[in-house]
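Novice: Structure file structure_34.pdb (PDB, C-alpha atoms, pLDDT in the B column) is given on the next line.
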```pdb
ATOM      1  CA  MET A 251      34.301   1.189 -39.285  1.00 73.00           C
ATOM      2  CA  LEU A 252      34.663  -1.740 -41.651  1.00 85.00           C
ATOM      3  CA  GLY A 253      35.061   0.467 -44.720  1.00 90.00           C
ATOM      4  CA  GLU A 254      33.664   3.401 -46.699  1.00 93.00           C
ATOM      5  CA  LEU A 255      29.884   3.854 -46.686  1.00 94.00           C
ATOM      6  CA  HIS A 256      28.135   5.432 -49.689  1.00 96.00           C
ATOM      7  CA  ALA A 257      24.374   6.147 -49.688  1.00 95.00           C
ATOM      8  CA  VAL A 258      22.652   6.272 -53.091  1.00 95.00           C
ATOM      9  CA  ASP A 259      20.456   9.231 -52.152  1.00 93.00           C
ATOM     10  CA  ALA A 260      23.496  11.273 -51.032  1.00 95.00           C
ATOM     11  CA  VAL A 261      24.979  11.168 -54.562  1.00 95.00           C
ATOM     12  CA  ALA A 262      23.722  13.639 -57.167  1.00 94.00           C
ATOM     13  CA  PRO A 263      22.400  11.986 -60.353  1.00 94.00           C
ATOM     14  CA  GLN A 264      24.339  12.528 -63.575  1.00 93.00           C
ATOM     15  CA  PRO A 265      22.940  12.017 -67.102  1.00 89.00           C
ATOM     16  CA  TRP A 266      24.035   8.955 -69.033  1.00 81.00           C
ATOM     17  CA  ARG A 267      26.552   9.503 -71.819  1.00 73.00           C
ATOM     18  CA  ASN A 268      23.755   8.776 -74.334  1.00 71.00           C
ATOM     19  CA  GLY A 269      21.145  10.880 -72.463  1.00 72.00           C
ATOM     20  CA  GLY A 270      18.791   7.930 -71.882  1.00 72.00           C
ATOM     21  CA  GLY A 271      18.751   7.961 -68.077  1.00 82.00           C
ATOM     22  CA  VAL A 272      20.664   9.016 -64.983  1.00 91.00           C
ATOM     23  CA  THR A 273      23.332   7.351 -62.897  1.00 94.00           C
ATOM     24  CA  ARG A 274      24.778   7.819 -59.441  1.00 96.00           C
ATOM     25  CA  GLU A 275      28.456   6.895 -59.267  1.00 96.00           C
ATOM     26  CA  LEU A 276      29.045   5.439 -55.811  1.00 97.00           C
ATOM     27  CA  PHE A 277      32.666   4.303 -56.088  1.00 96.00           C
ATOM     28  CA  THR A 278      35.627   4.218 -58.468  1.00 95.00           C
ATOM     29  CA  TRP A 279      39.012   2.614 -58.017  1.00 92.00           C
ATOM     30  CA  PRO A 280      41.302   4.306 -58.523  1.00 92.00           C
ATOM     31  CA  ALA A 281      39.317   7.518 -58.081  1.00 86.00           C
ATOM     32  CA  GLY A 282      38.739   9.644 -61.170  1.00 82.00           C
ATOM     33  CA  VAL A 283      38.130   9.126 -64.863  1.00 84.00           C
ATOM     34  CA  SER A 284      40.887   6.510 -65.304  1.00 90.00           C
ATOM     35  CA  TRP A 285      39.108   3.970 -63.093  1.00 95.00           C
ATOM     36  CA  ASN A 286      39.553   0.202 -63.237  1.00 95.00           C
ATOM     37  CA  VAL A 287      36.464  -0.440 -61.087  1.00 96.00           C
ATOM     38  CA  ARG A 288      33.250   1.585 -61.103  1.00 96.00           C
ATOM     39  CA  ILE A 289      30.113   0.892 -59.057  1.00 98.00           C
ATOM     40  CA  SER A 290      26.993   2.878 -59.852  1.00 97.00           C
ATOM     41  CA  VAL A 291      23.218   2.864 -59.575  1.00 97.00           C
ATOM     42  CA  ALA A 292      21.175   3.784 -62.666  1.00 95.00           C
ATOM     43  CA  ASP A 293      17.562   4.901 -62.943  1.00 94.00           C
ATOM     44  CA  ILE A 294      15.895   3.723 -66.154  1.00 93.00           C
ATOM     45  CA  ASP A 295      12.602   5.499 -66.846  1.00 90.00           C
ATOM     46  CA  ALA A 296      12.134   4.694 -70.551  1.00 90.00           C
ATOM     47  CA  ASP A 297      13.094   2.145 -73.189  1.00 92.00           C
ATOM     48  CA  GLY A 298      16.320   2.881 -75.063  1.00 92.00           C
ATOM     49  CA  PRO A 299      19.924   1.805 -75.697  1.00 92.00           C
ATOM     50  CA  PHE A 300      22.605   1.498 -73.054  1.00 91.00           C
ATOM     51  CA  SER A 301      25.784   3.540 -73.493  1.00 88.00           C
ATOM     52  CA  ALA A 302      28.660   1.603 -75.065  1.00 90.00           C
ATOM     53  CA  PHE A 303      31.749   1.013 -72.894  1.00 93.00           C
ATOM     54  CA  PRO A 304      34.392  -0.674 -75.111  1.00 96.00           C
ATOM     55  CA  GLY A 305      37.014  -2.544 -73.090  1.00 96.00           C
ATOM     56  CA  VAL A 306      34.745  -2.782 -70.039  1.00 97.00           C
ATOM     57  CA  GLU A 307      33.261  -5.915 -68.479  1.00 97.00           C
ATOM     58  CA  ARG A 308      29.815  -5.084 -67.065  1.00 97.00           C
ATOM     59  CA  TRP A 309      27.761  -6.705 -64.341  1.00 98.00           C
ATOM     60  CA  PHE A 310      24.113  -5.628 -64.069  1.00 98.00           C
ATOM     61  CA  ALA A 311      21.406  -6.370 -61.472  1.00 97.00           C
ATOM     62  CA  VAL A 312      17.878  -4.995 -61.011  1.00 97.00           C
ATOM     63  CA  ILE A 313      17.479  -3.609 -57.483  1.00 95.00           C
ATOM     64  CA  ASP A 314      14.024  -1.924 -57.773  1.00 93.00           C
ATOM     65  CA  GLY A 315      11.121  -2.288 -60.184  1.00 94.00           C
ATOM     66  CA  HIS A 316       9.854  -5.170 -62.290  1.00 95.00           C
ATOM     67  CA  GLY A 317      12.932  -5.557 -64.448  1.00 96.00           C
ATOM     68  CA  VAL A 318      14.130  -5.177 -68.008  1.00 97.00           C
ATOM     69  CA  GLU A 319      14.714  -7.077 -71.202  1.00 98.00           C
ATOM     70  CA  LEU A 320      18.105  -6.439 -72.796  1.00 97.00           C
ATOM     71  CA  ASP A 321      18.294  -6.994 -76.566  1.00 98.00           C
ATOM     72  CA  PHE A 322      21.867  -7.678 -77.739  1.00 96.00           C
ATOM     73  CA  GLY A 323      20.830  -8.177 -81.373  1.00 93.00           C
ATOM     74  CA  ASP A 324      21.648 -11.892 -81.461  1.00 95.00           C
ATOM     75  CA  ALA A 325      20.034 -12.681 -78.083  1.00 95.00           C
ATOM     76  CA  THR A 326      17.749 -11.185 -75.455  1.00 96.00           C
ATOM     77  CA  GLN A 327      18.034 -11.478 -71.704  1.00 96.00           C
ATOM     78  CA  ARG A 328      15.190 -10.802 -69.272  1.00 97.00           C
ATOM     79  CA  ILE A 329      16.355  -9.655 -65.815  1.00 97.00           C
ATOM     80  CA  THR A 330      14.232  -9.142 -62.711  1.00 95.00           C
ATOM     81  CA  ARG A 331      15.150  -8.408 -59.099  1.00 90.00           C
ATOM     82  CA  ASP A 332      15.154 -12.130 -58.312  1.00 89.00           C
ATOM     83  CA  ASP A 333      17.630 -13.026 -61.080  1.00 94.00           C
ATOM     84  CA  PRO A 334      21.397 -13.304 -60.666  1.00 95.00           C
ATOM     85  CA  ALA A 335      23.502 -10.411 -61.932  1.00 97.00           C
ATOM     86  CA  LEU A 336      24.147 -10.473 -65.678  1.00 97.00           C
ATOM     87  CA  ARG A 337      27.721 -10.233 -66.986  1.00 97.00           C
ATOM     88  CA  PHE A 338      28.321  -8.846 -70.501  1.00 97.00           C
ATOM     89  CA  ASP A 339      30.812  -7.000 -72.710  1.00 97.00           C
ATOM     90  CA  GLY A 340      30.349  -3.243 -72.265  1.00 95.00           C
ATOM     91  CA  ALA A 341      31.019  -2.642 -75.964  1.00 96.00           C
ATOM     92  CA  ARG A 342      27.705  -4.384 -76.654  1.00 93.00           C
ATOM     93  CA  ALA A 343      25.281  -1.584 -75.800  1.00 90.00           C
ATOM     94  CA  PRO A 344      21.985  -3.498 -75.635  1.00 96.00           C
ATOM     95  CA  LEU A 345      18.578  -2.003 -76.277  1.00 95.00           C
ATOM     96  CA  CYS A 346      16.748  -1.931 -72.936  1.00 95.00           C
ATOM     97  CA  ARG A 347      12.992  -2.482 -72.675  1.00 96.00           C
ATOM     98  CA  LEU A 348      11.249  -1.958 -69.344  1.00 95.00           C
ATOM     99  CA  LEU A 349       9.026  -4.878 -68.318  1.00 96.00           C
ATOM    100  CA  ASP A 350       6.473  -2.859 -66.338  1.00 93.00           C
ATOM    101  CA  GLY A 351       7.581   0.636 -65.395  1.00 92.00           C
ATOM    102  CA  PRO A 352      10.846   2.260 -64.296  1.00 93.00           C
ATOM    103  CA  THR A 353      13.697   0.323 -62.681  1.00 94.00           C
ATOM    104  CA  ARG A 354      16.729   1.077 -60.601  1.00 95.00           C
ATOM    105  CA  ASP A 355      19.798  -1.015 -61.358  1.00 97.00           C
ATOM    106  CA  LEU A 356      23.202  -1.777 -59.836  1.00 98.00           C
ATOM    107  CA  ASN A 357      26.232  -1.771 -62.138  1.00 97.00           C
ATOM    108  CA  LEU A 358      29.766  -3.079 -61.628  1.00 98.00           C
ATOM    109  CA  MET A 359      32.112  -2.022 -64.433  1.00 97.00           C
ATOM    110  CA  LEU A 360      35.624  -3.460 -64.753  1.00 97.00           C
ATOM    111  CA  ARG A 361      38.343  -2.024 -67.013  1.00 96.00           C
ATOM    112  CA  GLY A 362      41.741  -3.655 -66.637  1.00 92.00           C
ATOM    113  CA  ALA A 363      40.392  -5.579 -63.658  1.00 94.00           C
ATOM    114  CA  ARG A 364      38.621  -8.842 -62.839  1.00 94.00           C
ATOM    115  CA  GLY A 365      35.606  -9.175 -60.597  1.00 96.00           C
ATOM    116  CA  ALA A 366      32.109 -10.435 -59.983  1.00 97.00           C
ATOM    117  CA  MET A 367      28.712  -9.549 -58.516  1.00 97.00           C
ATOM    118  CA  VAL A 368      26.613 -12.150 -56.689  1.00 96.00           C
ATOM    119  CA  SER A 369      23.387 -12.035 -54.689  1.00 94.00           C
ATOM    120  CA  ALA A 370      23.760 -11.845 -50.914  1.00 94.00           C
ATOM    121  CA  ALA A 371      21.710 -14.269 -48.842  1.00 90.00           C
ATOM    122  CA  ASP A 372      20.535 -13.297 -45.359  1.00 92.00           C
ATOM    123  CA  HIS A 373      23.010 -14.478 -42.661  1.00 91.00           C
ATOM    124  CA  ARG A 374      25.067 -16.507 -45.178  1.00 92.00           C
ATOM    125  CA  PRO A 375      28.857 -15.920 -44.940  1.00 94.00           C
ATOM    126  CA  TRP A 376      30.718 -14.741 -48.037  1.00 95.00           C
ATOM    127  CA  SER A 377      34.495 -14.941 -48.615  1.00 95.00           C
ATOM    128  CA  PRO A 378      35.678 -12.346 -51.132  1.00 94.00           C
ATOM    129  CA  ALA A 379      38.723 -12.727 -53.339  1.00 89.00           C
ATOM    130  CA  GLY A 380      40.859  -9.928 -54.739  1.00 87.00           C
ATOM    131  CA  ASN A 381      41.993  -6.436 -53.775  1.00 90.00           C
ATOM    132  CA  GLY A 382      38.619  -5.045 -52.773  1.00 94.00           C
ATOM    133  CA  CYS A 383      35.012  -5.904 -52.137  1.00 96.00           C
ATOM    134  CA  ALA A 384      31.707  -4.248 -51.396  1.00 97.00           C
ATOM    135  CA  LEU A 385      28.194  -4.957 -50.234  1.00 97.00           C
ATOM    136  CA  PHE A 386      25.222  -3.155 -51.734  1.00 98.00           C
ATOM    137  CA  ALA A 387      22.382  -3.499 -49.204  1.00 97.00           C
ATOM    138  CA  ALA A 388      18.858  -3.834 -50.588  1.00 94.00           C
ATOM    139  CA  VAL A 389      17.372  -3.682 -47.079  1.00 94.00           C
ATOM    140  CA  ASP A 390      18.378  -2.320 -43.663  1.00 96.00           C
ATOM    141  CA  GLY A 391      20.697  -4.592 -41.694  1.00 96.00           C
ATOM    142  CA  VAL A 392      24.106  -5.191 -40.164  1.00 97.00           C
ATOM    143  CA  VAL A 393      27.219  -6.482 -41.908  1.00 96.00           C
ATOM    144  CA  HIS A 394      29.632  -8.516 -39.740  1.00 96.00           C
ATOM    145  CA  ALA A 395      33.336  -9.083 -40.440  1.00 92.00           C
ATOM    146  CA  GLN A 396      36.090 -10.480 -38.196  1.00 83.00           C
ATOM    147  CA  GLY A 397      34.613  -9.259 -34.938  1.00 74.00           C
ATOM    148  CA  GLY A 398      33.535  -5.900 -36.370  1.00 89.00           C
ATOM    149  CA  ARG A 399      30.111  -4.807 -37.490  1.00 93.00           C
ATOM    150  CA  GLU A 400      28.578  -1.963 -39.465  1.00 94.00           C
ATOM    151  CA  ARG A 401      24.931  -0.888 -39.597  1.00 96.00           C
ATOM    152  CA  MET A 402      23.743  -0.327 -43.164  1.00 97.00           C
ATOM    153  CA  ARG A 403      20.655   1.370 -44.501  1.00 96.00           C
ATOM    154  CA  ALA A 404      18.872   0.070 -47.585  1.00 95.00           C
ATOM    155  CA  ARG A 405      20.338   1.431 -50.823  1.00 95.00           C
ATOM    156  CA  SER A 406      23.834   1.945 -49.455  1.00 97.00           C
ATOM    157  CA  LEU A 407      27.246   0.565 -50.443  1.00 98.00           C
ATOM    158  CA  LEU A 408      29.977  -0.527 -48.034  1.00 97.00           C
ATOM    159  CA  VAL A 409      33.436  -0.760 -49.658  1.00 96.00           C
ATOM    160  CA  CYS A 410      36.222  -2.756 -47.960  1.00 93.00           C
ATOM    161  CA  ALA A 411      39.784  -2.584 -49.273  1.00 86.00           C
ATOM    162  CA  PRO A 412      41.532  -4.745 -48.418  1.00 88.00           C
ATOM    163  CA  PRO A 413      38.678  -7.190 -47.964  1.00 92.00           C
ATOM    164  CA  PRO A 414      38.204  -9.144 -44.750  1.00 92.00           C
ATOM    165  CA  ALA A 415      38.403 -12.947 -44.944  1.00 94.00           C
ATOM    166  CA  THR A 416      34.646 -13.378 -44.418  1.00 95.00           C
ATOM    167  CA  LEU A 417      31.608 -11.111 -44.332  1.00 96.00           C
ATOM    168  CA  ARG A 418      28.007 -11.798 -43.393  1.00 95.00           C
ATOM    169  CA  PHE A 419      24.938  -9.571 -43.798  1.00 96.00           C
ATOM    170  CA  ALA A 420      22.023  -9.872 -41.370  1.00 95.00           C
ATOM    171  CA  ALA A 421      18.847  -8.187 -42.606  1.00 95.00           C
ATOM    172  CA  ASP A 422      16.613  -6.455 -40.053  1.00 95.00           C
ATOM    173  CA  SER A 423      13.563  -8.279 -41.416  1.00 86.00           C
ATOM    174  CA  ASP A 424      12.867 -11.292 -43.603  1.00 75.00           C
ATOM    175  CA  THR A 425      11.698  -9.961 -46.964  1.00 71.00           C
ATOM    176  CA  GLY A 426      11.808 -13.289 -48.775  1.00 70.00           C
ATOM    177  CA  ALA A 427      13.892 -11.589 -51.510  1.00 75.00           C
ATOM    178  CA  THR A 428      17.538 -10.815 -52.188  1.00 86.00           C
ATOM    179  CA  VAL A 429      18.942  -8.774 -49.286  1.00 93.00           C
ATOM    180  CA  GLY A 430      21.817  -7.300 -51.308  1.00 95.00           C
ATOM    181  CA  TRP A 431      24.699  -7.958 -53.671  1.00 97.00           C
ATOM    182  CA  TRP A 432      28.339  -8.794 -52.980  1.00 97.00           C
ATOM    183  CA  LEU A 433      30.890  -7.267 -55.364  1.00 97.00           C
ATOM    184  CA  GLN A 434      34.578  -8.092 -55.637  1.00 97.00           C
ATOM    185  CA  TRP A 435      37.504  -6.996 -57.813  1.00 96.00           C
ATOM    186  CA  SER A 436      41.234  -7.223 -58.344  1.00 93.00           C
ATOM    187  CA  ALA A 437      43.719  -5.798 -60.805  1.00 81.00           C
ATOM    188  CA  ALA A 438      44.050  -7.915 -63.947  1.00 69.00           C
ATOM    189  CA  LYS A 439      47.328  -9.762 -64.397  1.00 58.00           C
ATOM    190  CA  PRO A 440      49.422  -8.492 -67.321  1.00 49.00           C
TER     191      PRO A 440
END
```
Could the structure of this file be written out as structure tokens, please?

Specialist:
Amino acid sequence: MLGELHAVDAVAPQPWRNGGGVTRELFTWPAGVSWNVRISVADIDADGPFSAFPGVERWFAVIDGHGVELDFGDATQRITRDDPALRFDGARAPLCRLLDGPTRDLNLMLRGARGAMVSAADHRPWSPAGNGCALFAAVDGVVHAQGGRERMRARSLLVCAPPPATLRFAADSDTGATVGWWLQWSAAKP
């Protein structure tokens, strides 16, 4: 195995801190409430505010549905499944408006850590940096790394720590859309 596999549907949903939706926590590092890295999938069924996470850097990507508009007060940001992940300060709990029905969203939260989330392109190699990395697969496929390979189902997360030098995801079929998202993180320097 290349790493730990986590399937979204195998994780019980938990209500948001503000009660406005549900989330499925797929991974935390270190494990527990004092995490530095948290990866989760949220279901948004209605307009409303995000929960505030002071001291947390957030990355947000739409993985299902038509998308959202996030209102930060001084600016709005429209995000659809085809857009790059949005990075913002977790203390800024934006008002979320659904564009056309419910969405499902991928979140990378960093507290005392650095990281990033980028779209994965079919068959394109990716070289992670840092202490750990992950792939969230939007479609069925196979991830390849240094002679190893791992079959992934759509809506699953593969976590690799330490990360291999290079990874590549090969989708089972050409969807013409984003095939997944690469995530990476490392402990922040003091």

Novice: What separation in Å, quoted to one decimal, exists between CA of Leu408 (chain A) and CA of Phe386 (chain A)?

Specialist: 6.6 Å

Novice: Written as a PyMOL selection string, which residues does the PyMOL selection byres ((chain A and resi 362-364) around 7) give for the file shown?

Specialist: chain A and resi 286-287+360-361+365+435-438

Novice: Mind giving me the straight-line distance from CA of Leu276 (chain A) to CA of Val318 (chain A) in Å, one decimal?

Specialist: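 Answer for the CA of Leu276 (chain A) to CA of Val318 (chain A) separation: 22.0 Å.
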
Novice: Please measure the separation of CA of Arg274 (chain A) and CA of Ala411 (chain A), giving the value in Å to one decimal.

Specialist: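 Between CA of Arg274 (chain A) and CA of Ala411 (chain A) the gap is 20.9 Å.
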
Novice: Using the file's own x, y and z axes, what box holds all listed atoms of region 427-430 of chain A with 6 Å on each side, keeping edges along x, y and z, and what are its centre and edge lengths in Å to one decimal, as JSON?

Specialist:
```
{"center_x": 17.9, "center_y": -9.4, "center_z": -50.7, "size_x": 19.9, "size_y": 16.3, "size_z": 14.9}
```

Novice: Using only C-alpha atoms for the distances, tell me which of A:Phe310, A:Trp432, A:Trp266, A:Phe303 is nearest to Cys410 (chain A).

Specialist: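 So, comparing all the options, the nearest one is A:Trp432.
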
Novice: Can I get region 322-334 of chain A with N, CA and C atoms filled in, as an mmCIF file, in the coordinates of the input?

Specialist:
```
data_model
loop_
_atom_site.group_PDB
_atom_site.id
_atom_site.type_symbol
_atom_site.label_atom_id
_atom_site.label_comp_id
_atom_site.auth_asym_id
_atom_site.auth_seq_id
_atom_site.Cartn_x
_atom_site.Cartn_y
_atom_site.Cartn_z
ATOM 1 N N PHE A 322 20.493 -7.783 -77.248
ATOM 2 C CA PHE A 322 21.867 -7.678 -77.739
ATOM 3 C C PHE A 322 21.968 -7.866 -79.250
ATOM 4 N N GLY A 323 20.834 -7.955 -79.927
ATOM 5 C CA GLY A 323 20.830 -8.177 -81.373
ATOM 6 C C GLY A 323 20.731 -9.650 -81.707
ATOM 7 N N ASP A 324 21.660 -10.454 -81.203
ATOM 8 C CA ASP A 324 21.648 -11.892 -81.461
ATOM 9 C C ASP A 324 20.982 -12.683 -80.329
ATOM 10 N N ALA A 325 20.668 -12.019 -79.232
ATOM 11 C CA ALA A 325 20.034 -12.681 -78.083
ATOM 12 C C ALA A 325 19.383 -11.639 -77.185
ATOM 13 N N THR A 326 18.368 -12.063 -76.443
ATOM 14 C CA THR A 326 17.749 -11.185 -75.455
ATOM 15 C C THR A 326 17.864 -11.837 -74.085
ATOM 16 N N GLN A 327 17.924 -11.001 -73.076
ATOM 17 C CA GLN A 327 18.034 -11.478 -71.704
ATOM 18 C C GLN A 327 17.056 -10.695 -70.835
ATOM 19 N N ARG A 328 16.163 -11.405 -70.185
ATOM 20 C CA ARG A 328 15.190 -10.802 -69.272
ATOM 21 C C ARG A 328 15.783 -10.858 -67.871
ATOM 22 N N ILE A 329 15.757 -9.722 -67.149
ATOM 23 C CA ILE A 329 16.355 -9.655 -65.815
ATOM 24 C C ILE A 329 15.377 -8.990 -64.860
ATOM 25 N N THR A 330 15.083 -9.690 -63.768
ATOM 26 C CA THR A 330 14.232 -9.142 -62.711
ATOM 27 C C THR A 330 15.052 -9.076 -61.417
ATOM 28 N N ARG A 331 14.451 -8.548 -60.373
ATOM 29 C CA ARG A 331 15.150 -8.408 -59.099
ATOM 30 C C ARG A 331 15.549 -9.758 -58.515
ATOM 31 N N ASP A 332 14.848 -10.804 -58.856
ATOM 32 C CA ASP A 332 15.154 -12.130 -58.312
ATOM 33 C C ASP A 332 16.208 -12.893 -59.103
ATOM 34 N N ASP A 333 16.643 -12.345 -60.242
ATOM 35 C CA ASP A 333 17.630 -13.026 -61.080
ATOM 36 C C ASP A 333 19.053 -12.703 -60.638
ATOM 37 N N PRO A 334 19.991 -13.615 -60.933
ATOM 38 C CA PRO A 334 21.397 -13.304 -60.666
ATOM 39 C C PRO A 334 21.853 -12.137 -61.549
#
```
